[in-house]
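J.: Before I ask anything, here is the structure I am working with.
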Amino acid sequence: MRALISISALTLLLAACGSQPPAPEQNPAGVESRTPGAVKVDTAPIVKVQPDSFDPGSIAALKDPRSPLSKRSIYFDYDSYIVKDEFQALLAAHGKFLSANPKMKMLLQGNADERGSREYNLALGQKRADAVRKGLVLLGGREEQLEAVSLGEEKPVCTESSEECWGKNRRGDMLYSGEF
Amino acid sequence: MLFQRLILAGVAGLSFLCAPARAQLTVEITGAGANRLPVAIADFTGERIAAQALASVVRADLDRSGLFRLVDAGGALADSATPPFDDLKSRGADAVAGGSVTASADGRYETRVRLSDVPKQAVLGNPAYLHSSAQLRATAHRIADFIYEKLTGEPGVFSTRIAYVVKSTGRFELKIADADGSNDQAALASREPIISPAWSPDGGKLAYVSFEAKKPVVYVHDLASGRRHVAANFKGSNSAPAWSPDGKKLAVVLTKDGSSQLYIVNADGSGVTRVATSSGIDTEPRWSPDGQLIYFTSDRGGSPQIYRIATSGAGLGSPAERVTFEGSYNVTPRPSPDGKSLAFIARNGGRFQLALMDLATKQTQILTDSAKDESPSFAPNGRMILYATEIGGRGVLAAVSSDGRVKQKLSVQAADVREPAWGPLVR
């Protein structure tokens with residue numbers, strides 16, 4: 001009971017604290033001018049997909065597990081921001097999709113493992129997001145569709161101190177409009 | 001004084017909104033200096049509860065500094081009484097302080113203190129303070145500062161405050177507490193991470209990075225009013241704020257023109273100018289105390305190392321100068337308040353440790369034996385360095401003296417503490 005009370009109190013307090021003014025953007029970038037939720041990919045009309053005949057350029061393909069577009073993460077080596085060859089095909093698929101859907105925007109979030117300085121890891125995550133961004137531009141994406149940002153080591157998907165876990169956190173994620 | 005009271009009031013107001021949890025930072029002393037000065041702090045005379053609370057906080061402050069050895073004074077001692085010097089001498093005390101607390105007509109207290117040199121049997125000082133009952137601890141810290149300064153010749157930092165971030169499940173809080181960990185207040189609570197808090201030189205504001213907009217944005221938060229504004233929110237990431245010594249500008253790291261690079265903006269967010277240029281990562285700027293240099297981390301030479309570049313004065317226009325050479329990972333430069341040394345984090349065989357370099361001789365000493373040290377922050381008198389580390393898989397704060405001898409651990413039960421920043425001296 002006590003736990004319940006403190007959780008609801010916490011929620012209230014978070015709500016109170018959440019009323020801080022949102023960040024007005026200086027120099028607004030095209031990527032952020034969209035109000036979050038304006039385009040909800042997952043609320044698009046549901047089209048029955050026939051087996052073996054989905055349109056690889058359609059928005060539905062973004063969520064279709066058979067499409068390479070449903071894969072959004074690129075993994076990096078320790079202290080490295082080089083996109084490895086094994087991810088080139090994935091980048092090419094997203095580059096093509098961006099080119100076919102010029103109104104689509106993409107937020108690239110770079111991440112780092114927990115080792116070392118938070119700010120240096122933030123910069124490393126930025127380099128990773130930027131490497132993905134540059135790759136996408138070479139493969140059909142346009143600069144104004146893309147914004148590369150970093151979450152550094154702050155949003156780990158895996159929280160153990162092991163090489164396996166760190167490898168999952170050294171990552172660039174590709175998020176389309178409506179997903180961020 | 002009025003300003004200080006305003007800050008306290010402002011912080012209290014914020015806490016009403018944002019600080020339900022009483023998860024206080026506890027301080028544990030894990031190492032002490034070699035030659036500690038024996039000092040007796042007698043119970044003060046007067047209103048019993050108030051006087052005892054005062055003297056015990058003064059003792060705890062002095063003890064925690066690691067520079068003093070507390071000697072039993074053998075009973076209460078008023079500021080007006082002549083200390084029992086022969087008895088104190090036999091107890092081994094070199095200095096003694098006593099005092100009195102009296103209630104004044106307006107409901108406040110007047111506290112008078114006398115500090116004496118025992119061997120010389122001479123008065124070293126006798127300050128007096130007028131305070132409310134809510135200011136008992138603050139008054140005790142002021143008394144401890146007075147004793148510390150009289151006996152060591154350096155300003156005490158017991159009245160300063162620290163900022164840090166507490167992470168509990170799904171929740172991040174930017175907290176402010178007294179230097180002894182008491183009176184913690186939340187300045188901001190968020191579901192998204194908060195990093196890199198930095199105190200303005202006047203102690204009235206904190207700059208920090210918050211991820212609440214799904215990307216890093218730099219804010220400046222006024223502690224008295226609880227209001228804040230965006231100092232840097234450009235396309236890409238915005239991070240690593242550092243105040244100029246005059247408090248008018250911030251060095252920040254922006255990625256609007258490519259990778260992480262150094263810029264200076266006015267504290268209100270206007271007038272962005274670039275400081276340095278590299279094709280790689282430049283981050284973690286910190287101004288030297290004279291404002292002429294900015295120290296920063298860069299991987300321009302192939303591995304992350306510390307560099308410095310002139311922002312004014314004779315060196316202006318010269319290329320950045322590399323400062324660290326040993327090892328392949330030296331990050332997070334923090335110049336000492338006197339500008340003579342540099343604290344930073346060095347990686348040694350997979351361990352990240354707090355290091356201190358004498359900038360004149362380049363002699364470097366590793367100050368810790370831990371493995372995940374981060375975010376060093378000097379006390380404003382330069383004597384201690386507060387930093388984040390990990391013990392048993394949990395984030396804690398630790399402090400070590402610049403000679404490596406005095407060690408403290410500061411932890412919060414059942415939560416991760418990180419990103420410490422020691423606030424300035426507030427006179």
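Labels used: A, B, ... for chains in the order of the structure tokens, numbers from 1 for residues in each chain, and numbers from 1 for ligands as shown.
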Please provide the set of residues having any atom within 9 Å of Arg64 in chain B, restricted to only C-alpha atoms, with same-chain residues fewer than 5 positions apart removed, written as a list in words.
T.: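 Here the answer would be Val27, Glu28, Ile29, Ala32, Arg59, Asp180, Val406 and Gln408 of chain B.
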J.: Please, could you write that set of residues out with N, CA and C atoms as a tab-separated table (two decimals), in the first residue's frame?
T.:
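Listing of selection_18.tsv after writing:
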chain	number	residue	atom	x	y	z
B	27	VAL	N	28.09	10.55	4.24
B	27	VAL	CA	29.53	10.70	4.04
B	27	VAL	C	30.27	9.76	4.97
B	28	GLU	N	31.18	9.00	4.42
B	28	GLU	CA	31.96	8.06	5.20
B	28	GLU	C	33.43	8.40	4.97
B	29	ILE	N	34.18	8.52	6.07
B	29	ILE	CA	35.59	8.87	5.92
B	29	ILE	C	36.39	7.59	5.77
B	32	ALA	N	42.58	9.45	6.14
B	32	ALA	CA	42.80	10.76	6.74
B	32	ALA	C	44.24	11.20	6.53
B	59	ARG	N	32.20	19.83	14.75
B	59	ARG	CA	33.15	18.70	14.91
B	59	ARG	C	33.14	17.80	13.68
B	180	ASP	N	28.30	18.65	3.20
B	180	ASP	CA	28.31	17.45	4.04
B	180	ASP	C	27.19	16.49	3.67
B	406	VAL	N	43.58	12.01	2.16
B	406	VAL	CA	42.26	12.06	2.77
B	406	VAL	C	41.24	11.50	1.77
B	408	GLN	N	37.06	10.16	1.21
B	408	GLN	CA	35.68	10.06	1.69
B	408	GLN	C	34.83	9.37	0.64
J.: At a cut-off of 7 Å, list the chain B residues touching chain A, using only C-alpha atoms, as a list in words.
T.: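 For chain B, the answer reads Leu17, Cys18, Leu188, Ala189, Ser190, Pro193, Lys215, Val230, Asn233, Phe234, Lys235, Gly236, Ser237, Ala240, Ser259, Ser260, Ile281, Thr283, Glu284, Val331, Thr332, Phe352 and Glu374 of chain B.
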J.: Please produce a file of the residues just selected, as an mmCIF file, in the first residue's frame, where the atoms kept are N, CA and C atoms.
T.:
data_model
loop_
_atom_site.group_PDB
_atom_site.id
_atom_site.type_symbol
_atom_site.label_atom_id
_atom_site.label_comp_id
_atom_site.auth_asym_id
_atom_site.auth_seq_id
_atom_site.Cartn_x
_atom_site.Cartn_y
_atom_site.Cartn_z
ATOM 1 N N LEU B 17 8.115 21.208 -4.993
ATOM 2 C CA LEU B 17 7.595 20.635 -6.227
ATOM 3 C C LEU B 17 8.203 19.283 -6.548
ATOM 4 N N CYS B 18 9.476 19.166 -6.341
ATOM 5 C CA CYS B 18 10.172 18.075 -7.004
ATOM 6 C C CYS B 18 10.914 17.101 -6.096
ATOM 7 N N LEU B 188 15.667 19.600 -10.315
ATOM 8 C CA LEU B 188 14.981 19.125 -11.515
ATOM 9 C C LEU B 188 14.799 17.615 -11.406
ATOM 10 N N ALA B 189 13.633 17.131 -11.789
ATOM 11 C CA ALA B 189 13.407 15.687 -11.882
ATOM 12 C C ALA B 189 12.908 15.390 -13.281
ATOM 13 N N SER B 190 13.351 14.278 -13.835
ATOM 14 C CA SER B 190 13.018 13.974 -15.219
ATOM 15 C C SER B 190 13.054 12.476 -15.436
ATOM 16 N N PRO B 193 17.714 11.289 -18.985
ATOM 17 C CA PRO B 193 18.977 11.571 -18.290
ATOM 18 C C PRO B 193 19.310 13.061 -18.179
ATOM 19 N N LYS B 215 17.084 14.456 -27.130
ATOM 20 C CA LYS B 215 18.442 14.710 -27.586
ATOM 21 C C LYS B 215 19.072 15.646 -26.572
ATOM 22 N N VAL B 230 16.998 27.839 -22.311
ATOM 23 C CA VAL B 230 17.865 27.051 -23.175
ATOM 24 C C VAL B 230 19.091 27.884 -23.506
ATOM 25 N N ASN B 233 20.599 24.862 -28.132
ATOM 26 C CA ASN B 233 19.761 23.814 -28.715
ATOM 27 C C ASN B 233 19.812 23.956 -30.230
ATOM 28 N N PHE B 234 20.945 23.543 -30.784
ATOM 29 C CA PHE B 234 21.126 23.601 -32.223
ATOM 30 C C PHE B 234 20.863 22.222 -32.814
ATOM 31 N N LYS B 235 20.831 22.168 -34.124
ATOM 32 C CA LYS B 235 20.677 20.879 -34.791
ATOM 33 C C LYS B 235 21.800 19.955 -34.319
ATOM 34 N N GLY B 236 21.464 18.711 -34.020
ATOM 35 C CA GLY B 236 22.467 17.784 -33.501
ATOM 36 C C GLY B 236 22.486 17.804 -31.983
ATOM 37 N N SER B 237 23.651 17.530 -31.392
ATOM 38 C CA SER B 237 23.775 17.423 -29.934
ATOM 39 C C SER B 237 24.382 18.694 -29.342
ATOM 40 N N ALA B 240 28.198 19.531 -22.597
ATOM 41 C CA ALA B 240 29.438 19.904 -21.914
ATOM 42 C C ALA B 240 29.558 21.393 -21.579
ATOM 43 N N SER B 259 31.122 17.098 -36.450
ATOM 44 C CA SER B 259 31.340 16.352 -35.211
ATOM 45 C C SER B 259 31.411 17.309 -34.017
ATOM 46 N N SER B 260 31.567 16.761 -32.837
ATOM 47 C CA SER B 260 31.552 17.560 -31.601
ATOM 48 C C SER B 260 32.697 18.572 -31.592
ATOM 49 N N ILE B 281 36.849 14.607 -32.608
ATOM 50 C CA ILE B 281 36.060 14.986 -31.448
ATOM 51 C C ILE B 281 36.823 16.028 -30.627
ATOM 52 N N THR B 283 35.832 17.983 -27.007
ATOM 53 C CA THR B 283 34.755 18.079 -26.012
ATOM 54 C C THR B 283 35.319 18.373 -24.621
ATOM 55 N N GLU B 284 34.421 18.441 -23.638
ATOM 56 C CA GLU B 284 34.768 18.658 -22.229
ATOM 57 C C GLU B 284 35.601 19.926 -21.986
ATOM 58 N N VAL B 331 41.099 12.044 -20.272
ATOM 59 C CA VAL B 331 39.900 12.832 -20.572
ATOM 60 C C VAL B 331 39.469 13.663 -19.359
ATOM 61 N N THR B 332 38.454 14.496 -19.561
ATOM 62 C CA THR B 332 37.781 15.276 -18.515
ATOM 63 C C THR B 332 38.733 16.188 -17.731
ATOM 64 N N PHE B 352 39.832 3.188 -15.163
ATOM 65 C CA PHE B 352 39.715 4.644 -15.320
ATOM 66 C C PHE B 352 39.925 5.275 -13.953
ATOM 67 N N GLU B 374 35.039 9.011 -12.719
ATOM 68 C CA GLU B 374 34.555 9.953 -13.728
ATOM 69 C C GLU B 374 34.334 11.321 -13.086
#
J.: When DSSP is applied to the backbone of this structure, which of range 51-166 of chain B are assigned helix (DSSP H, G or I)? Write them out as a PyMOL selection string.
T.: chain B and resi 51-64+85-90+133-152
J.: Write the residues of the selection above to a file with C-alpha atoms, as a short mmCIF file (atom, residue, chain, number, x, y, z; two decimals), in the first residue's frame.
T.:
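Full text of part11.cif as output:
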data_model
loop_
_atom_site.label_atom_id
_atom_site.label_comp_id
_atom_site.auth_asym_id
_atom_site.auth_seq_id
_atom_site.Cartn_x
_atom_site.Cartn_y
_atom_site.Cartn_z
CA ALA B 51 24.12 24.50 21.27
CA GLN B 52 24.80 20.77 21.08
CA ALA B 53 23.62 20.55 17.48
CA LEU B 54 25.95 23.41 16.59
CA ALA B 55 29.04 21.95 18.21
CA SER B 56 28.45 18.47 16.79
CA VAL B 57 28.13 19.80 13.23
CA VAL B 58 31.33 21.83 13.68
CA ARG B 59 33.15 18.70 14.91
CA ALA B 60 31.81 16.56 12.05
CA ASP B 61 32.93 19.17 9.50
CA LEU B 62 36.44 19.43 10.89
CA ASP B 63 36.76 15.67 11.27
CA ARG B 64 35.59 15.03 7.70
CA PHE B 85 44.66 25.63 29.01
CA ASP B 86 46.69 23.31 31.28
CA ASP B 87 44.03 20.61 31.09
CA LEU B 88 43.71 21.03 27.29
CA LYS B 89 47.49 20.88 26.95
CA SER B 90 47.56 17.59 28.83
CA SER B 133 16.77 27.95 14.30
CA ALA B 134 16.46 26.84 10.66
CA GLN B 135 19.97 28.20 10.11
CA LEU B 136 21.64 26.16 12.85
CA ARG B 137 23.52 23.91 10.45
CA ALA B 138 24.44 26.79 8.16
CA THR B 139 25.82 28.66 11.18
CA ALA B 140 27.80 25.62 12.31
CA HIS B 141 29.33 25.36 8.83
CA ARG B 142 30.28 29.05 9.02
CA ILE B 143 31.95 28.45 12.38
CA ALA B 144 33.80 25.43 10.98
CA ASP B 145 34.93 27.56 8.01
CA PHE B 146 36.23 30.19 10.42
CA ILE B 147 38.17 27.63 12.49
CA TYR B 148 39.51 25.89 9.39
CA GLU B 149 40.76 29.14 7.88
CA LYS B 150 42.35 30.36 11.13
CA LEU B 151 44.19 27.08 11.64
CA THR B 152 45.19 26.18 8.06
#
J.: Please indicate the distance in Å from CA of Asp299 in chain B to CA of Leu138 in chain A, rounded to one decimal place.
T.: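 Interatomic distance, CA of Asp299 in chain B to CA of Leu138 in chain A: 25.3 Å.
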J.: For Asp268 in chain B, please output as a PyMOL selection string all residues within 10 Å (counting only C-alpha atoms; exclusion window: fewer than 3 positions along the same chain).
T.: chain B and resi 219-220+229-232+248-250+265+271
J.: Tell me, as an mmCIF file with N, CA and C atoms, in the first residue's frame, which residues lie within 10 Å of Gly66 in chain B, counting only C-alpha atoms; anything in the same chain fewer than 6 positions away does not count.
T.:
data_model
loop_
_atom_site.group_PDB
_atom_site.id
_atom_site.type_symbol
_atom_site.label_atom_id
_atom_site.label_comp_id
_atom_site.auth_asym_id
_atom_site.auth_seq_id
_atom_site.Cartn_x
_atom_site.Cartn_y
_atom_site.Cartn_z
ATOM 1 N N ILE B 29 34.179 8.515 6.068
ATOM 2 C CA ILE B 29 35.588 8.872 5.918
ATOM 3 C C ILE B 29 36.390 7.586 5.766
ATOM 4 N N THR B 30 37.140 7.476 4.693
ATOM 5 C CA THR B 30 37.855 6.228 4.441
ATOM 6 C C THR B 30 39.374 6.407 4.479
ATOM 7 N N GLY B 31 39.831 7.620 4.734
ATOM 8 C CA GLY B 31 41.280 7.852 4.847
ATOM 9 C C GLY B 31 41.506 9.235 5.401
ATOM 10 N N ALA B 32 42.576 9.453 6.141
ATOM 11 C CA ALA B 32 42.801 10.761 6.743
ATOM 12 C C ALA B 32 44.237 11.204 6.529
ATOM 13 N N GLY B 33 44.474 12.488 6.710
ATOM 14 C CA GLY B 33 45.804 13.056 6.517
ATOM 15 C C GLY B 33 46.801 12.508 7.535
ATOM 16 N N ALA B 34 48.075 12.666 7.215
ATOM 17 C CA ALA B 34 49.126 12.101 8.071
ATOM 18 C C ALA B 34 49.301 12.922 9.346
ATOM 19 N N ASN B 35 49.341 14.228 9.212
ATOM 20 C CA ASN B 35 49.597 15.069 10.378
ATOM 21 C C ASN B 35 48.367 15.900 10.685
ATOM 22 N N ARG B 36 47.496 15.306 11.475
ATOM 23 C CA ARG B 36 46.264 16.015 11.761
ATOM 24 C C ARG B 36 46.439 16.886 12.981
ATOM 25 N N LEU B 37 45.929 18.107 12.877
ATOM 26 C CA LEU B 37 46.063 19.077 13.964
ATOM 27 C C LEU B 37 45.073 18.732 15.079
ATOM 28 N N VAL B 400 38.762 12.900 -2.656
ATOM 29 C CA VAL B 400 40.140 12.613 -2.262
ATOM 30 C C VAL B 400 40.877 13.946 -2.193
ATOM 31 N N SER B 401 41.796 14.057 -1.215
ATOM 32 C CA SER B 401 42.563 15.288 -1.128
ATOM 33 C C SER B 401 43.577 15.313 -2.260
ATOM 34 N N ARG B 405 45.780 11.641 0.323
ATOM 35 C CA ARG B 405 45.722 11.009 1.642
ATOM 36 C C ARG B 405 44.313 10.930 2.213
ATOM 37 N N VAL B 406 43.580 12.015 2.156
ATOM 38 C CA VAL B 406 42.255 12.056 2.766
ATOM 39 C C VAL B 406 41.239 11.499 1.772
ATOM 40 N N LYS B 407 40.429 10.545 2.227
ATOM 41 C CA LYS B 407 39.455 9.943 1.315
ATOM 42 C C LYS B 407 38.087 9.854 1.972
ATOM 43 N N GLN B 408 37.065 10.159 1.207
ATOM 44 C CA GLN B 408 35.682 10.062 1.689
ATOM 45 C C GLN B 408 34.829 9.374 0.637
#
J.: List the neighbours of Arg347 in chain B out to 9 Å using only C-alpha atoms; skip same-chain residues closer than 4 positions along the sequence, and give me the result as a ChimeraX atom specification.
T.: /A:116 /B:327-331,351-354,371
J.: Closest to Pro102 in chain A among A:Glu144, A:Glu179, A:Asp173, A:Glu163, using only C-alpha atoms?
T.: A:Glu144
J.: For Ser177 in chain A, work out the shell of residues within 7 Å, counting only C-alpha atoms and skipping chain neighbours fewer than 3 positions away, then give it as a count of residues only.
T.: 5
J.: Name all residues at most 8 Å from Leu206 in chain B (count only C-alpha atoms; drop same-chain ones fewer than 2 positions away) and give them as JSON, numbers by chain.
T.: {"B": [197, 198, 199, 200, 203, 204, 208, 220, 221, 222, 223]}
J.: Since we have the selection now, will you write its residues out, keeping N, CA and C atoms, as an mmCIF file, in the first residue's frame?
T.:
data_model
loop_
_atom_site.group_PDB
_atom_site.id
_atom_site.type_symbol
_atom_site.label_atom_id
_atom_site.label_comp_id
_atom_site.auth_asym_id
_atom_site.auth_seq_id
_atom_site.Cartn_x
_atom_site.Cartn_y
_atom_site.Cartn_z
ATOM 1 N N PRO B 197 26.263 18.814 -14.841
ATOM 2 C CA PRO B 197 25.927 20.069 -14.173
ATOM 3 C C PRO B 197 27.184 20.902 -13.920
ATOM 4 N N ALA B 198 27.053 22.211 -14.070
ATOM 5 C CA ALA B 198 28.182 23.123 -13.845
ATOM 6 C C ALA B 198 27.661 24.366 -13.132
ATOM 7 N N TRP B 199 28.293 24.731 -12.012
ATOM 8 C CA TRP B 199 27.875 25.894 -11.222
ATOM 9 C C TRP B 199 28.353 27.185 -11.863
ATOM 10 N N SER B 200 27.499 28.191 -11.881
ATOM 11 C CA SER B 200 27.970 29.514 -12.278
ATOM 12 C C SER B 200 28.917 30.020 -11.184
ATOM 13 N N GLY B 203 27.441 30.991 -7.917
ATOM 14 C CA GLY B 203 26.692 29.967 -7.192
ATOM 15 C C GLY B 203 25.185 30.075 -7.347
ATOM 16 N N GLY B 204 24.719 30.968 -8.192
ATOM 17 C CA GLY B 204 23.281 31.170 -8.321
ATOM 18 C C GLY B 204 22.614 30.328 -9.392
ATOM 19 N N TYR B 208 23.413 22.671 -17.314
ATOM 20 C CA TYR B 208 23.457 21.208 -17.401
ATOM 21 C C TYR B 208 22.922 20.762 -18.749
ATOM 22 N N VAL B 220 20.331 26.595 -18.733
ATOM 23 C CA VAL B 220 20.835 27.338 -17.576
ATOM 24 C C VAL B 220 19.658 27.517 -16.627
ATOM 25 N N HIS B 221 19.840 27.057 -15.405
ATOM 26 C CA HIS B 221 18.766 26.965 -14.420
ATOM 27 C C HIS B 221 19.076 27.920 -13.272
ATOM 28 N N ASP B 222 18.193 28.877 -13.045
ATOM 29 C CA ASP B 222 18.385 29.827 -11.953
ATOM 30 C C ASP B 222 17.833 29.195 -10.675
ATOM 31 N N LEU B 223 18.681 29.016 -9.671
ATOM 32 C CA LEU B 223 18.265 28.250 -8.493
ATOM 33 C C LEU B 223 17.285 29.020 -7.616
#
J.: Considering only C-alpha atoms, state which residue in the set A:Gly135, A:His94, A:Asn169, A:Gln145 is at the smallest distance from Ala61 in chain A.
T.: A:His94
J.: Rank A:Gly57, A:Ser162, A:Arg133, A:Leu62 by their smallest atom-to-atom distance to Gly178 in chain A, using only C-alpha atoms, and report the top residue only.
T.: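 Answer, going by the shortest atom-to-atom distance: A:Leu62.
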J.: Considering only C-alpha atoms, state which residue in the set B:Leu293, B:Ala213, B:Arg274, B:Gly280 is at the smallest distance from Pro245 in chain B.
T.: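 Closest residue, counting only C-alpha atoms: B:Leu293.
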J.: With only C-alpha atoms as the atoms that count, which of A:Val83, A:Val132, A:Ala112, A:Ala93 lies nearest to Ser67 in chain A?
T.: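 Going through A:Val83, A:Val132, A:Ala112, A:Ala93 one by one, the smallest distance to Ser67 in chain A is for A:Ala93.
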J.: If you measure from CA of Asn266 in chain B to CA of Leu316 in chain B, what distance in Å do you get, rounded to one decimal?
T.: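 These two atoms are separated by 19.3 Å.
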